[in-house]
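Here the structure comes first, spelled out in structure tokens, and everything after it is commentary.
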Amino acid sequence: EGNRHALYCTKHVDTAKSNAKLPKWFIEDSFFEYNRWKSDKWLRSSTRGSGPYKLSSYGLDVDLDTSPFACAAACAAIGLPTAFLPGDLVDVKRSAGRILELQEKALVLGTYQGRLFYRLISQKSEGGSLMEGGGRAWFWDESEAVEGGLHIIGNGRGLSVELPKLSRFKPVTGGLKIVYQGGAVVRSDLEIFDGSENIGKIPHGIVIPPDNIIERRLNSCGVVRYLVDYEPVGRGWISSRIRGGKEELIVDTLPSSSNGDDPLSQLLYATPEDSATVWYKNYLQAIRNNGC
């Protein structure tokens with residue numbers, strides 16, 4: 001089938017060369033584009049930045065990669081525990097640094113430049129319909145993918161195969177030392193706003209051992225935050241630096257004391273593709289086991 005298509009296109013390319021005298025680069029690019037779309041893994045979509053007319057906003061309409069590997073890599077980049085694949089429905093409980101009073105429902109579309117794009121299909125508002133731009137494609141960031149922010153509805157097309165966390169979300173360190181004289185404020189949420197409860201403070205000089213560092217993640221303002229366990233206070237989020245001013249350090253990352261031969265001291269998943277490679281292998285195995 002593929003060879004027949006290629007032969008057909010080659011014949012017509014030869015005809016175009018002889019009759020229309022099209023530039024060689026144009027013919028080669030056209031043939032490449034044909035094969036690209038023939039692979040059936042691309043989806044063209046407008047975005048929230050697009051203009052009112054199709055294809056009128058260059059660079060703002062996107063061609064989304066819908067392949068499982070690309071989607072798994074995009075999910076790993078924002079720290080999701082499982083891969084969201086095109087067609088999956090997701091309950092959205094966080095958006096742009098705020099916890100939504102009424103959760104929304106989104107449809108996963110695909111990836112573009114390593115970002116996972118979605119389209120809202122249910123958004124509660126006073127009028128009961130999608131707000132402006134809500135029905136157009138957009139992407140999630142890691143602050144929205146924090147635990148409880150995005151929840152897949154049902155089993156999902158990724159067959160619930162675990163997606164390995166990148167090392168930047170769970171860094172290998174010797175612990176976190178509180179170096180700010182005023183100590184580290186512990187909050188209940190990743191974000192720093194009125195709804196994020198101040199649940200205590202970790203004094204200056206305290207070292208949080210590696211086992212008590214649960215996660216490292218950027219919030220919507222780009223502040224590096226750590227989810228930690230500190231027995232006198234409990235579990236909560238602390239910042240790596242003061243926000244604003246001179247941005248003094250609050251915590252210092254101590255070097256790992258692990259032996260270099262210890263596998264736990266190695267950065268196993270340095271890139272999203274590293275994580276996606278392991279996931280994809282297990283995903284194919286799950287397909288075979290389920291007889292899909």
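By order in the structure tokens, chains are A, B, ...; within a chain, residues start at 1; ligands start at 1, following the order shown.
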Fill in: range 231-242 of chain A environment, 9 Å, only C-alpha atoms, sequence neighbours closer than 6 positions dropped, as a VMD selection string
chain A and resid 180 184 to 191 199 to 202 223 to 225 248 to 252
Considering only C-alpha atoms, return as a PDB file with N, CA and C atoms, in the first residue's frame whatever protein or nucleic-acid residues lie within 10 Å of Gly154 in chain A, sequence-local ones (same chain, fewer than 3 positions apart) excluded.
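Dumped everything to selection_35.pdb:
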ATOM      1  N   ASP A  88      -8.427  11.160  25.780  1.00  0.00           N
ATOM      2  CA  ASP A  88      -8.686  11.030  27.215  1.00  0.00           C
ATOM      3  C   ASP A  88      -9.441  12.256  27.725  1.00  0.00           C
ATOM      4  N   LEU A  89     -10.342  12.021  28.667  1.00  0.00           N
ATOM      5  CA  LEU A  89     -11.050  13.110  29.333  1.00  0.00           C
ATOM      6  C   LEU A  89     -10.426  13.336  30.709  1.00  0.00           C
ATOM      7  N   VAL A  90     -10.275  14.612  31.070  1.00  0.00           N
ATOM      8  CA  VAL A  90      -9.565  14.961  32.302  1.00  0.00           C
ATOM      9  C   VAL A  90     -10.391  15.951  33.114  1.00  0.00           C
ATOM     10  N   HIS A 151      -6.971  15.134  36.884  1.00  0.00           N
ATOM     11  CA  HIS A 151      -7.334  13.749  37.192  1.00  0.00           C
ATOM     12  C   HIS A 151      -8.022  13.142  35.980  1.00  0.00           C
ATOM     13  N   ARG A 157      -6.538   5.977  28.070  1.00  0.00           N
ATOM     14  CA  ARG A 157      -6.000   5.196  26.957  1.00  0.00           C
ATOM     15  C   ARG A 157      -4.558   4.764  27.184  1.00  0.00           C
ATOM     16  N   LEU A 159      -3.731   3.022  29.640  1.00  0.00           N
ATOM     17  CA  LEU A 159      -3.849   1.747  30.363  1.00  0.00           C
ATOM     18  C   LEU A 159      -3.276   1.817  31.771  1.00  0.00           C
ATOM     19  N   SER A 160      -3.265   3.025  32.349  1.00  0.00           N
ATOM     20  CA  SER A 160      -2.790   3.243  33.729  1.00  0.00           C
ATOM     21  C   SER A 160      -1.342   2.809  33.945  1.00  0.00           C
TER      22      SER A 160
END
Discussion item. List the spatial neighbours of Leu100 in chain A as a ChimeraX atom specification - criterion: any atom at most 10 Å away, only C-alpha atoms, same-chain residues fewer than 6 positions off excluded.
Written reply: /A:92-94,124,149
Discussion item. Given only C-alpha atoms as the basis, pick out the residue of A:Asn289, A:Asn219, A:Ser67, A:Ser30 nearest to Ser95 in chain A.
Written reply: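 Distance minimum relative to Ser95 in chain A lands on A:Asn219.
Scanning range 38-223 of chain A with DSSP on the backbone, the helix (DSSP H, G or I) assignments fall on A:Lys38, A:Pro68, A:Phe69, A:Ala70, A:Cys71, A:Ala72, A:Ala73, A:Ala74, A:Cys75, A:Ala76, A:Ala77, A:Pro210, A:Asp211, A:Asn212.
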Discussion item. Using only C-alpha atoms, which protein or nucleic acid residues come within 10 Å of Leu43 in chain A? Drop anything in the same chain fewer than 2 positions from it, and give the result as an NGL selection string.
Written reply: :A and (37 or 40-41 or 45 or 62-66 or 109-111)
Worksheet entry | Nearest candidate to Phe139 in chain A (options A:Gly97, A:Gly195, A:Gly222, A:Gly114; using only C-alpha atoms) | A:Gly114
Item to complete: Write out as a list in words the residues lying within 6 Å of range 271-274 of chain A, counting only C-alpha atoms and excluding same-chain residues fewer than 3 positions away.
Response: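 Residues meeting the cut-off are Ala73, Ala76, Ala77 and Thr277 of chain A.
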Serialized selection, C-alpha atoms, as a PDB file, in the first residue's frame:
ATOM      1  CA  ALA A  73       7.151  12.760  27.060  1.00  0.00           C
ATOM      2  CA  ALA A  76       6.648  13.561  32.014  1.00  0.00           C
ATOM      3  CA  ALA A  77       7.772  17.157  31.452  1.00  0.00           C
ATOM      4  CA  THR A 277      11.079   5.461  26.596  1.00  0.00           C
TER       5      THR A 277
END
Worksheet, complete the sentence: Students should find that CA of Gly183 in chain A and CA of Pro171 in chain A are spaced 21.9 Å
Worksheet entry | Contact residues around Pro209 in chain A with only C-alpha atoms at 7 Å, ignoring same-chain residues under 5 positions, as a ChimeraX atom specification | /A:174-176
Dump as an mmCIF file, in the first residue's frame, selection limited to N, CA and C atoms:
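Now in out32.cif:
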data_model
loop_
_atom_site.group_PDB
_atom_site.id
_atom_site.type_symbol
_atom_site.label_atom_id
_atom_site.label_comp_id
_atom_site.auth_asym_id
_atom_site.auth_seq_id
_atom_site.Cartn_x
_atom_site.Cartn_y
_atom_site.Cartn_z
ATOM 1 N N GLY A 174 21.547 15.447 49.351
ATOM 2 C CA GLY A 174 21.880 15.039 50.711
ATOM 3 C C GLY A 174 20.938 15.659 51.731
ATOM 4 N N GLY A 175 19.930 16.366 51.252
ATOM 5 C CA GLY A 175 18.963 17.024 52.122
ATOM 6 C C GLY A 175 18.849 18.508 51.807
ATOM 7 N N LEU A 176 17.948 19.182 52.495
ATOM 8 C CA LEU A 176 17.745 20.623 52.350
ATOM 9 C C LEU A 176 18.046 21.292 53.695
#
Fill in: In range 70-220 of chain A, DSSP strand (DSSP E or B) residues written as number ranges by chain
A: 82, 89-95, 98-112, 115-122, 137-139, 150-152, 162, 175-178, 184-187, 198-202, 207-208, 213-218
Restricting it to C-alpha atoms, dump the selection as a compact mmCIF listing (two decimals), in the first residue's frame.
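New file out.txt:
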# COMPACT_ATOMS: atom_id res chain seq x y z
CA THR A 82 0.56 8.57 34.15
CA LEU A 89 -11.05 13.11 29.33
CA VAL A 90 -9.56 14.96 32.30
CA ASP A 91 -11.09 16.65 35.35
CA VAL A 92 -9.34 20.01 35.71
CA LYS A 93 -9.23 21.37 39.27
CA ARG A 94 -6.45 23.95 38.92
CA SER A 95 -5.81 26.64 36.34
CA ARG A 98 -5.69 29.04 41.25
CA ILE A 99 -7.84 26.25 42.59
CA LEU A 100 -11.14 26.19 40.70
CA GLU A 101 -14.34 26.40 42.72
CA LEU A 102 -16.09 24.36 40.03
CA GLN A 103 -13.97 21.79 38.22
CA GLU A 104 -13.78 21.77 34.43
CA LYS A 105 -13.58 18.92 31.93
CA ALA A 106 -10.96 18.82 29.17
CA LEU A 107 -10.22 16.66 26.14
CA VAL A 108 -6.57 15.77 25.50
CA LEU A 109 -5.52 16.64 21.93
CA GLY A 110 -1.79 16.03 21.48
CA THR A 111 1.58 17.74 21.84
CA TYR A 112 3.40 20.68 20.29
CA ARG A 115 3.73 20.73 25.64
CA LEU A 116 0.52 18.78 26.21
CA PHE A 117 -2.45 20.51 24.59
CA TYR A 118 -6.09 20.15 25.55
CA ARG A 119 -9.46 21.70 24.81
CA LEU A 120 -12.08 22.47 27.47
CA ILE A 121 -15.39 20.80 26.73
CA SER A 122 -17.14 21.70 29.98
CA ALA A 137 -6.63 24.46 22.43
CA TRP A 138 -4.13 25.35 25.14
CA PHE A 139 -1.49 23.56 27.22
CA LEU A 150 -5.50 17.05 36.89
CA HIS A 151 -7.33 13.75 37.19
CA ILE A 152 -8.01 11.42 34.30
CA GLU A 162 3.08 4.29 35.47
CA GLY A 175 18.96 17.02 52.12
CA LEU A 176 17.75 20.62 52.35
CA LYS A 177 19.29 22.99 54.90
CA ILE A 178 17.28 26.02 56.02
CA ALA A 184 11.08 28.59 56.02
CA VAL A 185 7.33 29.15 56.00
CA VAL A 186 5.42 25.92 55.39
CA ARG A 187 2.22 26.30 53.37
CA ASN A 198 0.38 28.91 56.63
CA ILE A 199 0.74 25.74 58.68
CA GLY A 200 4.01 26.50 60.46
CA LYS A 201 7.68 27.35 60.12
CA ILE A 202 10.92 25.38 59.93
CA VAL A 207 18.32 19.97 57.77
CA ILE A 208 15.47 18.11 56.07
CA ILE A 213 11.74 15.54 50.48
CA ILE A 214 8.66 14.40 48.58
CA GLU A 215 8.75 16.57 45.47
CA ARG A 216 10.29 19.61 43.80
CA ARG A 217 8.09 21.71 41.51
CA LEU A 218 7.68 25.20 40.02
Practice prompt. Could you jot down the CA of Ala270 in chain A to CA of Leu166 in chain A separation for me, Å, one decimal place?
Written response: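 One can read the CA of Ala270 in chain A to CA of Leu166 in chain A distance as 6.0 Å.
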